[in-house]
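Source file my_file_7.txt; content: compact mmCIF, C-alpha atoms (C1' of nucleotides).
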```
# COMPACT_ATOMS: atom_id res chain seq x y z
CA MET D 1 -28.23 -13.30 -11.74
CA ASN D 2 -26.00 -10.38 -12.15
CA ARG D 3 -22.65 -10.79 -10.79
CA GLN D 4 -20.49 -7.93 -11.11
CA ILE D 5 -17.16 -7.76 -9.68
CA HIS D 6 -18.84 -7.75 -6.38
CA GLY D 7 -16.64 -5.18 -5.37
CA ALA D 8 -15.25 -4.74 -2.14
CA VAL D 9 -18.78 -5.09 -1.80
CA SER D 10 -20.34 -6.34 1.16
CA SER D 11 -17.61 -8.30 2.57
CA SER D 12 -20.06 -8.95 5.24
CA SER D 13 -20.41 -12.61 5.65
CA LYS D 14 -23.55 -12.10 7.54
CA PRO D 15 -26.70 -13.20 5.97
CA ILE D 16 -28.42 -10.20 4.68
CA SER D 17 -30.52 -8.53 7.26
CA SER D 18 -30.54 -4.87 7.55
CA LYS D 19 -30.05 -2.62 10.41
CA THR D 20 -27.06 -0.61 10.56
CA GLN D 21 -27.35 3.03 10.57
CA ARG D 22 -27.46 4.76 13.75
CA PRO D 23 -27.46 8.42 14.38
CA LEU D 24 -24.12 9.98 14.37
CA SER D 25 -23.24 10.39 17.95
CA ASP D 26 -21.24 13.34 18.92
CA SER D 27 -18.58 11.24 20.40
CA ASN D 28 -17.79 10.24 16.91
CA SER D 29 -17.54 13.64 15.53
CA ALA D 30 -14.42 14.12 17.41
CA ASN D 31 -12.51 17.07 16.30
CA GLY D 32 -9.29 16.20 17.85
CA ALA D 33 -7.71 15.65 14.54
CA SER D 34 -8.96 18.62 12.67
CA GLY D 35 -5.81 20.50 13.27
CA SER D 36 -3.52 17.71 12.42
CA VAL D 37 -4.35 17.32 8.83
CA THR D 38 -0.88 17.90 7.71
CA ARG D 39 0.68 15.88 10.37
CA VAL D 40 4.03 14.46 9.69
CA TYR D 41 3.86 10.95 8.58
CA THR D 42 5.76 8.73 10.85
CA ARG D 43 8.41 6.64 9.38
CA LYS D 44 7.02 3.34 8.49
CA LYS D 45 8.46 -0.03 8.15
CA ARG D 46 11.36 -0.32 5.89
CA LEU D 47 10.79 -2.00 2.63
CA LYS D 48 12.18 -5.41 3.04
CA GLN D 49 14.56 -5.22 0.24
CA GLU D 50 14.63 -8.53 -1.29
CA ALA D 51 16.53 -6.44 -3.64
CA SER D 52 18.17 -9.23 -5.44
CA GLU D 53 15.93 -9.71 -8.39
CA PRO D 54 14.53 -6.83 -10.30
CA LEU D 55 10.84 -6.90 -10.04
CA GLU D 56 9.00 -6.53 -13.22
CA ILE D 57 5.34 -6.48 -12.95
CA ASN D 58 2.91 -5.15 -15.36
CA PRO D 59 5.49 -3.83 -17.72
CA GLY D 60 4.56 -0.76 -19.55
CA LYS D 61 1.91 0.18 -17.16
CA GLY D 62 3.48 0.27 -13.81
CA VAL D 63 5.37 3.09 -12.47
CA ASN D 64 8.58 2.22 -10.98
CA THR D 65 7.88 2.14 -7.40
CA HIS D 66 10.75 2.82 -5.18
CA LYS D 67 12.80 5.23 -7.12
CA GLN D 68 10.08 7.58 -8.01
CA LEU D 69 8.82 7.72 -4.52
CA ARG D 70 12.19 8.51 -3.14
CA GLY D 71 12.75 12.11 -2.53
CA LEU D 72 9.22 13.20 -2.92
CA PRO D 73 8.02 15.56 -0.29
CA ASP D 74 5.79 14.38 2.42
CA ILE D 75 4.86 11.04 1.10
CA GLU D 76 8.31 9.68 0.96
CA ASP D 77 7.81 7.30 3.78
CA PHE D 78 5.07 5.49 2.06
CA ALA D 79 7.50 4.13 -0.36
CA TYR D 80 8.75 2.01 2.42
CA LYS D 81 5.55 1.31 4.04
CA LYS D 82 4.87 -2.16 2.89
CA THR D 83 6.78 -5.06 1.76
CA ILE D 84 6.22 -4.77 -1.89
CA GLY D 85 5.68 -8.10 -3.40
CA SER D 86 6.37 -10.98 -1.14
CA PRO D 87 8.13 -13.83 -2.85
CA SER D 88 4.87 -15.56 -3.29
CA SER D 89 3.01 -12.67 -4.75
CA ARG D 90 5.83 -12.14 -7.09
CA ARG D 91 5.65 -15.57 -8.40
CA SER D 92 1.97 -15.37 -8.78
CA THR D 93 2.15 -12.27 -10.80
CA GLU D 94 4.58 -13.83 -13.14
CA THR D 95 2.33 -16.77 -13.42
CA SER D 96 -0.58 -14.61 -14.29
CA ILE D 97 1.25 -12.96 -17.07
CA THR D 98 2.17 -16.16 -18.75
CA VAL D 99 -1.02 -17.91 -18.05
CA THR D 100 -2.05 -18.18 -21.61
CA SER D 101 0.97 -20.12 -22.60
CA VAL D 102 1.14 -22.17 -19.48
CA LYS D 103 -2.56 -22.41 -19.10
CA THR D 104 -2.40 -24.18 -15.82
CA ALA D 105 0.72 -24.40 -13.80
CA GLY D 106 -0.75 -26.86 -11.37
CA ASN D 107 -3.15 -29.69 -11.67
CA PRO D 108 -6.71 -28.52 -11.66
CA PRO D 109 -8.83 -30.38 -9.15
CA GLU D 110 -11.13 -32.94 -10.63
CA ASN D 111 -14.57 -31.77 -11.54
CA TRP D 112 -13.87 -28.16 -10.87
CA VAL D 113 -15.93 -27.18 -13.87
CA LYS D 114 -18.90 -29.11 -12.59
CA VAL D 115 -18.53 -27.60 -9.17
CA LEU D 116 -18.35 -24.13 -10.63
CA GLU D 117 -21.40 -24.70 -12.75
CA GLY D 118 -23.28 -26.09 -9.78
CA ILE D 119 -22.44 -23.06 -7.75
CA ARG D 120 -23.50 -20.77 -10.57
CA GLN D 121 -26.85 -22.45 -10.66
CA MET D 122 -27.33 -22.14 -6.95
CA ARG D 123 -26.35 -18.52 -7.16
CA SER D 124 -28.86 -17.81 -9.84
CA SER D 125 -31.67 -18.99 -7.68
CA GLU D 126 -30.73 -17.23 -4.50
CA ASP D 127 -30.06 -13.66 -3.81
CA ALA D 128 -26.99 -12.70 -1.97
CA PRO D 129 -25.96 -9.39 -0.56
CA VAL D 130 -23.09 -9.35 -2.94
CA ASP D 131 -25.44 -8.76 -5.78
CA SER D 132 -26.33 -5.39 -4.52
CA MET D 133 -23.06 -3.84 -5.45
CA GLY D 134 -20.11 -2.13 -4.07
CA CYS D 135 -17.28 -0.13 -5.41
CA ASP D 136 -17.68 -1.20 -8.99
CA LYS D 137 -20.51 1.13 -9.43
CA ALA D 138 -18.93 3.91 -7.50
CA GLY D 139 -18.79 7.03 -9.53
CA SER D 140 -19.95 5.42 -12.73
CA PHE D 141 -21.31 8.75 -13.76
CA LEU D 142 -17.99 10.52 -13.43
CA PRO D 143 -15.22 11.18 -15.90
CA PRO D 144 -12.56 8.46 -15.92
CA THR D 145 -10.05 9.94 -13.55
CA GLU D 146 -12.61 10.83 -10.97
CA ARG D 147 -14.36 7.56 -11.44
CA ARG D 148 -11.17 5.71 -10.66
CA PHE D 149 -10.68 7.71 -7.52
CA ALA D 150 -14.23 6.96 -6.52
CA VAL D 151 -13.64 3.28 -7.13
CA LEU D 152 -10.58 3.39 -4.96
CA LEU D 153 -12.47 5.09 -2.16
CA GLY D 154 -15.36 2.71 -2.61
CA ALA D 155 -13.03 -0.21 -2.16
CA LEU D 156 -11.39 1.33 0.85
CA LEU D 157 -14.64 2.12 2.57
CA SER D 158 -16.41 -1.06 1.70
CA SER D 159 -14.55 -3.54 3.82
CA GLN D 160 -16.48 -4.65 6.84
CA THR D 161 -19.29 -2.53 5.64
CA LYS D 162 -22.58 -3.30 4.04
CA ASP D 163 -22.98 -2.08 0.52
CA GLN D 164 -25.81 0.12 1.42
CA VAL D 165 -23.80 1.90 4.06
CA ASN D 166 -20.86 2.16 1.75
CA ASN D 167 -22.90 3.55 -1.09
CA ALA D 168 -24.46 6.08 1.18
CA ALA D 169 -21.06 7.20 2.36
CA ILE D 170 -19.83 7.61 -1.19
CA HIS D 171 -22.97 9.53 -1.97
CA ARG D 172 -22.38 11.91 0.93
CA LEU D 173 -18.82 12.44 -0.18
CA HIS D 174 -20.03 13.23 -3.65
CA GLN D 175 -22.63 15.65 -2.37
CA ASN D 176 -19.87 17.44 -0.57
CA SER D 177 -17.65 17.41 -3.63
CA LEU D 178 -15.21 15.16 -1.89
CA LEU D 179 -14.60 12.61 -4.58
CA THR D 180 -11.40 14.07 -5.90
CA PRO D 181 -7.90 13.88 -4.47
CA GLU D 182 -7.70 17.66 -4.40
CA ALA D 183 -10.81 18.04 -2.33
CA VAL D 184 -10.00 15.24 0.04
CA ASP D 185 -6.54 16.60 0.53
CA LYS D 186 -7.94 19.94 1.55
CA ALA D 187 -10.75 18.71 3.73
CA ASP D 188 -10.45 18.20 7.43
CA GLU D 189 -10.01 14.67 8.50
CA SER D 190 -12.80 15.12 11.00
CA THR D 191 -15.13 16.23 8.23
CA ILE D 192 -14.34 13.17 6.23
CA ARG D 193 -14.76 10.99 9.25
CA GLU D 194 -18.22 12.35 9.87
CA LEU D 195 -19.23 11.97 6.25
CA ILE D 196 -18.19 8.38 5.95
CA TYR D 197 -19.60 7.29 9.30
CA PRO D 198 -20.84 4.63 9.95
CA VAL D 199 -18.69 2.59 7.62
CA GLY D 200 -16.57 0.11 9.44
CA PHE D 201 -13.39 1.49 10.97
CA TYR D 202 -14.28 4.98 9.90
CA THR D 203 -11.56 6.63 11.93
CA ARG D 204 -8.78 4.70 10.29
CA LYS D 205 -10.36 5.02 6.90
CA ALA D 206 -10.63 8.78 7.20
CA THR D 207 -6.93 8.87 7.93
CA TYR D 208 -6.18 6.60 5.01
CA MET D 209 -8.29 8.73 2.73
CA LYS D 210 -6.29 11.80 3.53
CA LYS D 211 -3.03 10.05 2.95
CA ILE D 212 -4.18 8.39 -0.22
CA ALA D 213 -5.43 11.67 -1.62
CA ARG D 214 -2.11 13.31 -1.05
CA ILE D 215 -0.22 10.43 -2.58
CA CYS D 216 -2.45 10.48 -5.63
CA LEU D 217 -1.84 14.18 -6.03
CA VAL D 218 1.86 14.21 -5.52
CA LYS D 219 2.88 11.00 -7.13
CA TYR D 220 0.19 10.13 -9.61
CA ASN D 221 -0.83 13.50 -10.89
CA GLY D 222 -4.24 13.29 -9.32
CA ASP D 223 -5.03 9.85 -10.65
CA ILE D 224 -4.80 6.58 -8.81
CA PRO D 225 -1.92 4.15 -9.22
CA SER D 226 -2.30 1.72 -12.07
CA SER D 227 0.06 -1.01 -10.98
CA LEU D 228 -0.47 -3.63 -8.36
CA ASP D 229 2.55 -2.68 -6.32
CA ASP D 230 1.71 0.98 -6.35
CA LEU D 231 -1.80 0.25 -5.19
CA LEU D 232 -0.44 -1.97 -2.46
CA SER D 233 1.75 0.83 -1.28
CA LEU D 234 -1.29 2.91 -0.39
CA PRO D 235 -2.30 2.85 3.25
CA GLY D 236 -5.39 0.78 3.84
CA ILE D 237 -5.08 -1.04 0.54
CA GLY D 238 -4.06 -4.67 0.81
CA PRO D 239 -4.05 -7.54 -1.65
CA LYS D 240 -7.76 -8.07 -1.77
CA MET D 241 -8.62 -4.47 -2.53
CA ALA D 242 -5.64 -3.91 -4.78
CA HIS D 243 -6.72 -6.65 -7.14
CA LEU D 244 -10.28 -5.50 -6.99
CA ILE D 245 -9.33 -1.94 -7.84
CA LEU D 246 -7.15 -3.10 -10.70
CA HIS D 247 -10.07 -5.06 -12.09
CA ILE D 248 -12.62 -2.35 -11.81
CA ALA D 249 -10.72 0.87 -12.23
CA TRP D 250 -8.20 -0.28 -14.81
CA ASN D 251 -9.77 -3.37 -16.25
CA ASP D 252 -6.53 -5.12 -15.55
CA VAL D 253 -6.45 -8.62 -14.21
CA GLN D 254 -3.20 -9.30 -12.48
CA GLY D 255 -4.55 -11.68 -9.92
CA ILE D 256 -7.59 -13.07 -8.22
CA CYS D 257 -9.38 -11.01 -5.64
CA VAL D 258 -9.38 -13.41 -2.74
CA ASP D 259 -11.31 -12.57 0.36
CA THR D 260 -12.26 -14.68 3.29
CA HIS D 261 -15.11 -16.36 1.41
CA VAL D 262 -13.00 -17.40 -1.52
CA HIS D 263 -10.33 -18.54 0.90
CA ARG D 264 -12.70 -20.63 2.97
CA ILE D 265 -14.59 -22.21 0.10
CA CYS D 266 -11.56 -23.08 -1.95
CA ASN D 267 -10.19 -24.91 1.03
CA ARG D 268 -13.41 -26.74 1.70
CA LEU D 269 -13.51 -27.86 -1.90
CA GLY D 270 -9.93 -28.98 -1.74
CA TRP D 271 -9.04 -26.59 -4.52
CA VAL D 272 -5.98 -25.22 -2.85
CA SER D 273 -3.33 -26.45 -0.49
CA ARG D 274 -0.04 -25.41 0.95
CA PRO D 275 2.64 -25.95 -1.62
CA GLY D 276 3.81 -29.53 -1.64
CA THR D 277 1.31 -30.65 0.92
CA LYS D 278 -2.33 -31.46 1.26
CA GLN D 279 -2.86 -29.07 4.09
CA LYS D 280 -5.21 -26.17 3.83
CA THR D 281 -3.82 -22.82 2.99
CA THR D 282 -3.60 -20.54 5.95
CA SER D 283 -4.18 -17.14 4.45
CA PRO D 284 -6.09 -15.56 1.60
CA GLU D 285 -2.81 -14.65 -0.03
CA GLU D 286 -1.67 -18.23 0.02
CA THR D 287 -5.01 -19.23 -1.41
CA ARG D 288 -4.71 -16.66 -4.14
CA VAL D 289 -1.37 -17.96 -5.25
CA ALA D 290 -2.49 -21.57 -5.14
CA LEU D 291 -5.68 -20.87 -7.01
CA GLN D 292 -3.90 -18.94 -9.68
CA GLN D 293 -1.76 -21.98 -10.29
CA TRP D 294 -4.52 -23.81 -12.01
CA LEU D 295 -7.65 -21.74 -12.47
CA PRO D 296 -7.81 -20.48 -16.05
CA LYS D 297 -7.48 -16.76 -16.19
CA GLU D 298 -10.81 -16.37 -17.85
CA GLU D 299 -12.36 -17.24 -14.52
CA TRP D 300 -10.29 -14.98 -12.35
CA VAL D 301 -12.67 -12.09 -12.22
CA ALA D 302 -15.90 -14.03 -11.97
CA ILE D 303 -14.74 -16.34 -9.23
CA ASN D 304 -14.94 -13.71 -6.55
CA PRO D 305 -18.56 -12.58 -6.81
CA LEU D 306 -19.53 -16.16 -7.42
CA LEU D 307 -17.96 -17.56 -4.30
CA VAL D 308 -18.70 -14.57 -2.16
CA GLY D 309 -22.39 -14.89 -2.85
CA PHE D 310 -22.23 -18.62 -2.37
CA GLY D 311 -20.40 -18.09 0.89
CA GLN D 312 -22.99 -15.65 2.12
CA THR D 313 -25.98 -17.81 1.42
CA ILE D 314 -24.98 -21.46 1.51
CA CYS D 315 -21.36 -22.21 2.20
CA THR D 316 -21.35 -20.02 5.27
CA PRO D 317 -18.41 -19.84 7.62
CA LEU D 318 -20.39 -21.26 10.48
CA ARG D 319 -22.77 -24.13 9.95
CA PRO D 320 -22.70 -24.27 6.20
CA ARG D 321 -26.00 -25.26 4.69
CA CYS D 322 -24.77 -28.40 3.00
CA GLU D 323 -28.31 -29.70 2.71
CA ALA D 324 -29.05 -26.83 0.36
CA CYS D 325 -25.93 -27.32 -1.70
CA SER D 326 -25.99 -29.14 -4.99
CA VAL D 327 -22.34 -30.03 -5.16
CA THR D 328 -21.86 -31.87 -1.91
CA LYS D 329 -21.00 -35.01 -3.77
CA LEU D 330 -17.98 -33.26 -5.10
CA CYS D 331 -17.07 -31.53 -1.85
CA PRO D 332 -14.66 -33.16 0.56
CA ALA D 333 -15.92 -30.99 3.39
CA ALA D 334 -19.61 -31.64 2.91
CA PHE D 335 -21.50 -32.21 6.14
CA LYS D 336 -18.33 -32.18 8.11
CA GLU D 337 -18.73 -28.88 9.77
CA THR D 338 -22.20 -29.33 11.07
CA SER D 339 -21.59 -27.21 14.05
CA SER D 340 -23.16 -28.60 17.10
CA PRO D 341 -23.87 -26.48 20.11
CA SER D 342 -20.75 -26.95 22.13
CA SER D 343 -18.54 -25.70 19.45
CA LYS D 344 -15.73 -25.26 21.87
CA LEU D 345 -15.35 -28.87 22.67
CA LYS D 346 -15.86 -29.74 19.11
CA LYS D 347 -13.20 -27.58 17.82
CA SER D 348 -10.54 -28.96 20.03
CA ASN D 349 -11.52 -32.46 19.07
CA ARG D 350 -11.17 -31.96 15.43
CA SER D 351 -8.07 -29.96 15.13
CA LYS D 352 -7.38 -31.69 11.93
CA GLU D 353 -9.88 -32.28 9.27
CA PRO D 354 -9.67 -34.05 5.95
C1' DG I 1 -1.40 -11.71 17.60
C1' DT I 2 -4.02 -7.23 18.62
C1' DC I 3 -6.49 -3.37 17.28
C1' DC I 4 -10.11 -0.96 14.89
C1' DG I 5 -16.03 -0.20 15.54
C1' DG I 6 -19.72 -2.60 15.07
C1' DA I 7 -23.32 -6.28 13.71
C1' DA I 8 -25.08 -10.51 14.39
C1' DC I 9 -24.78 -14.69 16.00
C1' DT I 10 -24.91 -18.24 20.34
C1' DA N 1 -22.58 -11.78 28.12
C1' DG N 2 -19.59 -13.81 25.13
C1' DT N 3 -18.00 -15.05 20.52
C1' DT N 4 -17.36 -14.63 15.61
C1' DC N 5 -16.63 -12.15 11.64
C1' DA N 6 -13.72 -9.09 8.17
C1' DG N 7 -9.22 -6.41 5.66
C1' DG N 8 -5.44 -4.26 6.74
C1' DA N 9 -1.76 -1.98 9.86
C1' DC N 10 1.52 -2.74 13.04
```

How does the structure come out when it is put into structure tokens?
Amino acid sequence: MNRQIHGAVSSSSKPISSKTQRPLSDSNSANGASGSVTRVYTRKKRLKQEASEPLEINPGKGVNTHKQLRGLPDIEDFAYKKTIGSPSSRRSTETSITVTSVKTAGNPPENWVKVLEGIRQMRSSEDAPVDSMGCDKAGSFLPPTERRFAVLLGALLSSQTKDQVNNAAIHRLHQNSLLTPEAVDKADESTIRELIYPVGFYTRKATYMKKIARICLVKYNGDIPSSLDDLLSLPGIGPKMAHLILHIAWNDVQGICVDTHVHRICNRLGWVSRPGTKQKTTSPEETRVALQQWLPKEEWVAINPLLVGFGQTICTPLRPRCEACSVTKLCPAAFKETSSPSSKLKKSNRSKEP
DNA sequence: GTCCGGAACT
DNA sequence: AGTTCAGGAC
């Protein structure tokens, strides 16, 4: 039924089931960091200057990354934190911009429309956790700037976390007026950590939240970045979340939000492969680039919730329920991963699969 | 490749 | 008890 952006939504591949919360144990309410809120950021990895070509992404919207970050107090190091735009992501972005004229850079797999329709049908008859929502609904009641910040936080917190837990955490932050960069910047990290618990990796995420809040304040005037590269430069925000945030917060589709489900399913369907080969792609990023080569842009946003839900209910990572799938006739991997007990032995035997 | 912090499988 | 899963940092 409804398929919203899915959001960072339950990235949980686990079949539904509930049971998460657990009382906040005092060992988690560590206060060791409360005094270190303004700690000095350690110098991070150097930007891997592939400085040759000028990067032009999202013209008109983006802020020019490196230069503007240089010389800013405190957050300076973040400018160099990540490799901004690997060669592949660069290419993909360019592709996305020209997609209307090129339409499809690569050859679409046969029957992809039928497969997609089949999956849509299956999805409409089964409920998947992904339907319950994630960061796309975060802060929908807030004014735009605050809503965007809430979306960003929702995306950050949602990974490895059930929607319900994530939503509850966002709710607690809101109750404590901690959904603005100003407030988060002022709050103790330990306070934030306790409020967001038990989202996955809450300690790291509390740290990221503090850093992100400061960056938003200093560099983006209290808003969140609006370009892909600037989002990627935030700690804790990688390709998956960056594209998701762009979609939801800015309604800007620069790329496909590829998570582990999309990655796995596209490979099973034979929709993507390593460039120039027939081998499976080895990372979600590689999958994203390959998928963007041929999938019409109109499908870029919908593909994520669609495949995530499908991956949670039928095309599961382990023992996919091929018997319940309506597109097995079009799937090269159908019935080939019927995990049998001794998965160990099995795995080594089938190192390579069609 | 390991870590993070835990849930949910086998 | 051991393994798998998941996004990102390092």

(request) Can you work out which one of D:Val199, D:Ile224, D:Met241, D:Leu179 has the shortest atom-to-atom distance to DC4 (chain I), counting all atoms listed in the file? (result)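 Using all atoms listed in the file, the shortest distance to DC4 (chain I) belongs to D:Val199.
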
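Atom pair CA of Thr328 (chain D) / CA of Val289 (chain D) has a distance of 25.0 Å (rounded to one decimal).
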
(request) Pick out the closest residue to DA9 (chain N) from this set: D:Lys336, D:Lys162, D:Lys205, D:Arg264. Count all atoms listed in the file. (result)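 Selected residue with least distance to DA9 (chain N): D:Lys205.
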
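When CA of Gln175 (chain D) is paired with CA of Ser226 (chain D), their separation reads 26.5 Å.
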
Please identify every residue of chain I that has at least one atom no farther than 9 Å from an atom of chain D, counting only C-alpha atoms (C1' of nucleotides), and for each give the shortest atom pair and the distance in Å to one decimal, arranged by chain then increasing number, as a Markdown table.
```
| residue | atom | partner | partner_atom | distance |
| --- | --- | --- | --- | --- |
| I:DC4 | C1' | D:Phe201 | CA | 5.7 |
| I:DG5 | C1' | D:Phe201 | CA | 5.5 |
| I:DG6 | C1' | D:Gly200 | CA | 7.0 |
| I:DA7 | C1' | D:Thr20 | CA | 7.5 |
| I:DA8 | C1' | D:Lys14 | CA | 7.2 |
| I:DC9 | C1' | D:Lys14 | CA | 8.9 |
| I:DT10 | C1' | D:Pro341 | CA | 8.3 |
```

(request) Grab the CA of Thr180 (chain D) to CA of Gln254 (chain D) distance for me, in Å with one decimal place. (result)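 That distance, rounded to one decimal, is 25.6 Å.
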
(request) Dump as an MDAnalysis selection string the residues of chain N that approach chain D to within 10 Å, counting all atoms listed in the file. (result) chainID N and resid 4:10

Export, as a PDB file, in the coordinates of the input, the selected residues with C-alpha atoms (C1' of nucleotides).
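Done, and the output landed in out-v3.pdb:
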```
ATOM      1  C1'  DT N   4     -17.360 -14.630  15.610  1.00  0.00           C
ATOM      2  C1'  DC N   5     -16.630 -12.150  11.640  1.00  0.00           C
ATOM      3  C1'  DA N   6     -13.720  -9.090   8.170  1.00  0.00           C
ATOM      4  C1'  DG N   7      -9.220  -6.410   5.660  1.00  0.00           C
ATOM      5  C1'  DG N   8      -5.440  -4.260   6.740  1.00  0.00           C
ATOM      6  C1'  DA N   9      -1.760  -1.980   9.860  1.00  0.00           C
ATOM      7  C1'  DC N  10       1.520  -2.740  13.040  1.00  0.00           C
TER       8       DC N  10
END
```

(request) Write out as a count of residues only the residues lying within 12 Å of His174 (chain D), counting all atoms listed in the file and excluding same-chain residues fewer than 5 positions away. (result) 21
